[in-house]
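Quick look at model-v8.csv (CSV, C-alpha atoms):
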chain,number,residue,atom,x,y,z
A,1,MET,CA,23.1,41.6,67.0
A,2,VAL,CA,25.3,38.8,65.5
A,3,ASP,CA,24.3,35.2,66.3
A,4,ALA,CA,26.9,33.4,64.2
A,5,VAL,CA,29.5,34.0,61.5
A,6,ILE,CA,29.7,32.0,58.3
A,7,PHE,CA,33.0,32.2,56.3
A,8,ASP,CA,33.8,31.2,52.8
A,9,LEU,CA,37.1,29.5,52.4
A,10,ASP,CA,38.5,30.3,49.0
A,11,GLY,CA,39.4,34.0,48.7
A,12,VAL,CA,38.5,34.8,52.3
A,13,ILE,CA,40.7,32.5,54.4
A,14,VAL,CA,42.9,30.9,51.7
A,15,ASP,CA,44.3,32.5,48.5
A,16,SER,CA,43.5,29.4,46.6
A,17,GLU,CA,42.6,30.5,43.1
A,18,PRO,CA,46.2,30.6,41.9
A,19,VAL,CA,46.8,27.1,43.2
A,20,TRP,CA,43.5,25.8,41.8
A,21,GLU,CA,44.4,27.3,38.4
A,22,GLU,CA,47.9,25.9,38.4
A,23,VAL,CA,46.7,22.4,39.3
A,24,ARG,CA,43.7,22.3,37.0
A,25,ARG,CA,45.6,23.9,34.1
A,26,ALA,CA,48.4,21.3,34.4
A,27,TYR,CA,45.8,18.5,34.8
A,28,VAL,CA,44.0,19.5,31.6
A,29,ALA,CA,47.3,19.6,29.7
A,30,THR,CA,48.4,16.3,31.0
A,31,HIS,CA,45.2,14.6,30.1
A,32,GLY,CA,44.7,15.8,26.6
A,33,GLY,CA,42.4,18.8,27.1
A,34,THR,CA,42.8,22.4,26.0
A,35,TRP,CA,42.7,25.2,28.5
A,36,GLN,CA,40.7,28.2,27.3
A,37,PRO,CA,41.4,31.9,27.9
A,38,ASP,CA,38.2,32.2,30.0
A,39,SER,CA,38.5,28.8,31.8
A,40,GLN,CA,39.7,30.1,35.2
A,41,ARG,CA,37.0,32.8,35.3
A,42,ARG,CA,34.3,30.2,34.4
A,43,LEU,CA,35.6,27.8,37.0
A,44,MET,CA,35.4,30.2,39.9
A,45,GLY,CA,32.6,29.3,42.3
A,46,MET,CA,31.6,26.1,40.5
A,47,SER,CA,30.8,23.1,42.7
A,48,THR,CA,33.0,20.0,42.3
A,49,GLY,CA,30.4,18.3,40.1
A,50,GLU,CA,30.2,21.4,37.9
A,51,TRP,CA,33.9,21.9,37.4
A,52,THR,CA,34.7,18.2,36.9
A,53,ARG,CA,32.1,18.0,34.1
A,54,TYR,CA,33.5,21.3,32.6
A,55,LEU,CA,37.0,19.8,32.5
A,56,SER,CA,35.8,16.5,31.0
A,57,ASP,CA,33.1,17.7,28.7
A,58,GLU,CA,34.1,21.2,27.6
A,59,LEU,CA,37.9,21.2,27.9
A,60,GLY,CA,38.3,17.7,26.5
A,61,VAL,CA,40.0,16.0,29.4
A,62,ALA,CA,40.2,12.2,28.6
A,63,ARG,CA,39.0,11.2,32.1
A,64,THR,CA,35.6,10.8,33.7
A,65,ALA,CA,34.3,13.5,36.0
A,66,GLU,CA,34.8,11.2,38.9
A,67,GLN,CA,38.4,10.6,38.0
A,68,VAL,CA,39.0,14.3,37.5
A,69,ALA,CA,37.5,15.0,41.0
A,70,THR,CA,39.6,12.4,42.7
A,71,GLU,CA,42.9,13.2,41.0
A,72,VAL,CA,42.7,17.0,41.1
A,73,VAL,CA,41.6,17.1,44.8
A,74,ASP,CA,44.4,14.6,45.6
A,75,GLU,CA,46.9,17.1,44.1
A,76,MET,CA,45.3,20.1,45.9
A,77,THR,CA,45.4,18.1,49.2
A,78,ARG,CA,49.1,17.3,48.6
A,79,ARG,CA,49.9,20.9,47.9
A,80,TYR,CA,48.0,22.1,51.0
A,81,ALA,CA,49.8,19.5,53.2
A,82,GLU,CA,53.0,21.3,52.1
A,83,ARG,CA,51.7,24.9,52.4
A,84,VAL,CA,48.3,26.4,52.7
A,85,PRO,CA,48.3,29.9,51.0
A,86,LEU,CA,46.6,31.7,53.9
A,87,ILE,CA,45.4,35.3,53.3
A,88,ASP,CA,47.3,37.6,55.7
A,89,ASP,CA,46.3,37.0,59.3
A,90,ALA,CA,43.1,35.2,58.3
A,91,ASP,CA,43.8,32.3,60.7
A,92,GLU,CA,44.1,34.7,63.6
A,93,VAL,CA,40.9,36.5,62.6
A,94,VAL,CA,39.0,33.2,62.5
A,95,ARG,CA,40.4,32.3,66.0
A,96,ARG,CA,39.4,35.6,67.5
A,97,MET,CA,35.9,35.4,66.0
A,98,ALA,CA,35.5,31.8,67.2
A,99,ALA,CA,36.1,33.0,70.7
A,100,ARG,CA,33.1,35.2,70.4
A,101,TRP,CA,30.6,33.6,68.0
A,102,PRO,CA,29.8,30.2,66.6
A,103,LEU,CA,31.5,29.9,63.2
A,104,GLY,CA,30.5,28.0,60.1
A,105,LEU,CA,32.2,27.5,56.8
A,106,ALA,CA,30.4,27.4,53.4
A,107,SER,CA,32.7,26.6,50.5
A,108,SER,CA,32.8,25.5,46.9
A,109,SER,CA,35.9,23.4,47.8
A,110,PRO,CA,35.4,19.7,48.0
A,111,THR,CA,34.6,18.3,51.5
A,112,ARG,CA,37.9,16.5,51.9
A,113,LEU,CA,39.9,19.6,50.8
A,114,ILE,CA,38.0,21.7,53.4
A,115,ALA,CA,38.9,19.2,56.1
A,116,ALA,CA,42.5,19.1,54.9
A,117,THR,CA,42.8,22.9,54.9
A,118,LEU,CA,41.3,23.3,58.4
A,119,ALA,CA,43.6,20.6,59.7
A,120,ALA,CA,46.7,22.1,58.1
A,121,THR,CA,46.0,25.6,59.4
A,122,GLY,CA,45.0,24.5,62.9
A,123,LEU,CA,41.5,25.9,62.4
A,124,ALA,CA,39.5,22.7,62.7
A,125,ASP,CA,38.5,23.4,66.3
A,126,SER,CA,37.5,27.0,65.5
A,127,VAL,CA,34.7,26.1,63.1
A,128,ARG,CA,31.6,24.3,64.4
A,129,THR,CA,30.2,23.1,61.0
A,130,THR,CA,31.4,23.1,57.4
A,131,LEU,CA,29.6,22.4,54.1
A,132,SER,CA,30.7,22.0,50.5
A,133,THR,CA,28.5,22.9,47.6
A,134,GLU,CA,29.2,19.2,46.6
A,135,GLU,CA,26.4,18.5,49.1
A,136,THR,CA,23.9,21.2,48.0
A,137,ALA,CA,21.5,21.3,45.0
A,138,ARG,CA,23.1,24.4,43.5
A,139,GLY,CA,26.6,25.9,43.7
A,140,LYS,CA,27.4,29.5,44.2
A,141,PRO,CA,26.2,32.2,43.6
A,142,ALA,CA,23.0,30.4,44.8
A,143,PRO,CA,22.7,30.8,48.6
A,144,ASP,CA,22.0,27.1,49.3
A,145,VAL,CA,25.3,26.3,51.0
A,146,TYR,CA,25.1,29.4,53.2
A,147,LEU,CA,21.5,28.8,54.2
A,148,ALA,CA,22.3,25.1,55.1
A,149,VAL,CA,25.3,26.2,57.3
A,150,ALA,CA,23.1,28.8,59.0
A,151,GLU,CA,20.5,26.1,59.7
A,152,ARG,CA,23.2,23.7,61.1
A,153,LEU,CA,24.3,26.6,63.4
A,154,GLY,CA,20.7,27.1,64.5
A,155,VAL,CA,20.5,30.7,63.2

How does the structure come out when it is put into structure tokens?
Amino acid sequence: MVDAVIFDLDGVIVDSEPVWEEVRRAYVATHGGTWQPDSQRRLMGMSTGEWTRYLSDELGVARTAEQVATEVVDEMTRRYAERVPLIDDADEVVRRMAARWPLGLASSSPTRLIAATLAATGLADSVRTTLSTEETARGKPAPDVYLAVAERLGV
């Protein structure tokens, strides 16, 4: 029996990795850093705190982690306001499931980008609770964010 459904955002509802890579790669180049061949692979699943430190500390971006977070997320939010790269029919699947079960969303995306994405796709009313790994002790693949969303959903 299913009591609730918890979605991830990136790679499940939104094909975000190409946009993240484009935005972060350009940001690193603009701010004096050096993108590495394995950078995108290493960044996947990192929490905001983790990837901002990686850009600042390891890729040599001449900005603080806090500045990196604000500026990169600003650009992602701007891009999503223009067009969210939805995975085929993902929005319809979410709506159909929301009609049957309580839905949660557990994501490595920053909280304000989650909100902007749900608003831009019209899915905000379909999801009862959301949580970013920004707000958990550990990012993915640790289960912290999923467990916290399940608790919020009462399952």

If you take only C-alpha atoms and a cut-off of 7 Å, which residues of region 4-81 of chain A touch region 103-110 of chain A, and what are their nearest atom pairs and distances in Å to one decimal, in chain and number order, as CSV?
residue,atom,partner,partner_atom,distance
A:Ala4,CA,A:Leu103,CA,5.9
A:Val5,CA,A:Leu103,CA,4.9
A:Ile6,CA,A:Gly104,CA,4.5
A:Phe7,CA,A:Leu105,CA,4.8
A:Asp8,CA,A:Ala106,CA,5.1
A:Leu9,CA,A:Ser107,CA,5.6
A:Gly45,CA,A:Ser108,CA,6.0
A:Met46,CA,A:Ser108,CA,6.5
A:Ser47,CA,A:Ser108,CA,5.2
A:Thr48,CA,A:Pro110,CA,6.2

Next item on the list: Name all residues at most 9 Å from Val68 (chain A) (count all atoms listed in the file; drop same-chain ones fewer than 6 positions away) and give them as number ranges by chain.
Entry: A: 27, 52-53, 55-56, 61

Check: Do you know which residues are at most 12 Å from Pro37 (chain A) counting all atoms listed in the file, after dropping those on the same chain fewer than 3 positions away, and could you put them as a ChimeraX atom specification?
Finding: /A:21,25,34,40-43,59

Report as a short mmCIF file (atom, residue, chain, number, x, y, z; two decimals) with C-alpha atoms, in the frame of the given file all protein, DNA and RNA residues lying within 7 Å of Arg95 (chain A), evaluated on only C-alpha atoms, omitting residues in the same chain fewer than 4 positions from it.
data_model
loop_
_atom_site.label_atom_id
_atom_site.label_comp_id
_atom_site.auth_asym_id
_atom_site.auth_seq_id
_atom_site.Cartn_x
_atom_site.Cartn_y
_atom_site.Cartn_z
CA ASP A 91 43.80 32.30 60.70
CA ALA A 99 36.10 33.00 70.70
CA SER A 126 37.50 27.00 65.50
#

Go through region 5-30 of chain A and flag each residue having an atom no more than 9 Å from region 73-84 of chain A; for those, report the closest pair of atoms plus their distance in Å to one decimal, using all atoms listed in the file, ordered by chain and rising number, as a Markdown table.
| residue | atom | partner | partner_atom | distance |
| --- | --- | --- | --- | --- |
| A:Val14 | CA | A:Val84 | CA | 7.1 |
| A:Asp15 | CA | A:Val84 | CA | 8.4 |
| A:Ser16 | CA | A:Val84 | CA | 8.3 |
| A:Val19 | CA | A:Met76 | CA | 7.7 |
| A:Trp20 | CA | A:Met76 | CA | 7.2 |
| A:Val23 | CA | A:Met76 | CA | 7.1 |

Check: For Arg152 (chain A), which of A:His31, A:Arg100, A:Arg128, A:Arg24 is the closest residue, counting only C-alpha atoms?
Finding: A:Arg128

Notebook entry, point to check: From the set A:Ser39, A:Tyr54, A:Val94, A:Ala69, which residue has the shortest atom-to-atom contact distance to Val12 (chain A), counting only C-alpha atoms?
Noted result: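 The answer is A:Val94, which sits nearest to Val12 (chain A).
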
Notebook entry, point to check: How far is it from CA of Ile13 (chain A) to CA of Ile87 (chain A), in Å with one decimal?
Noted result: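 Atom-to-atom, CA of Ile13 (chain A) to CA of Ile87 (chain A), that is 5.6 Å.
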
Margin query: Using all atoms listed in the file, can you tell me which of A:Ala148, A:Pro141, A:Ser132, A:Glu92 comes closest to Met44 (chain A)?
Written below: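 Checking each of A:Ala148, A:Pro141, A:Ser132, A:Glu92 against Met44 (chain A), counting all atoms listed in the file, the winner is A:Pro141.
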
Next item on the list: Extract, using all atoms listed in the file, all DNA, RNA and protein residues at most 8 Å from Thr111 (chain A), discarding same-chain residues fewer than 4 positions from it, and format them as a PyMOL selection string.
Entry: chain A and resi 115+131-132+134

Item checked: Separation of CA of Ile114 (chain A) from CA of Pro102 (chain A) in Å -> 17.7 Å

Margin query: For a quick check of understanding, using all atoms listed in the file, which of A:Asp3, A:Asp57, A:Asp38, A:Glu50 has the smallest distance to Gly154 (chain A)?
Written below: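 Looking at the shortest contact to Gly154 (chain A), the residue is A:Asp3.
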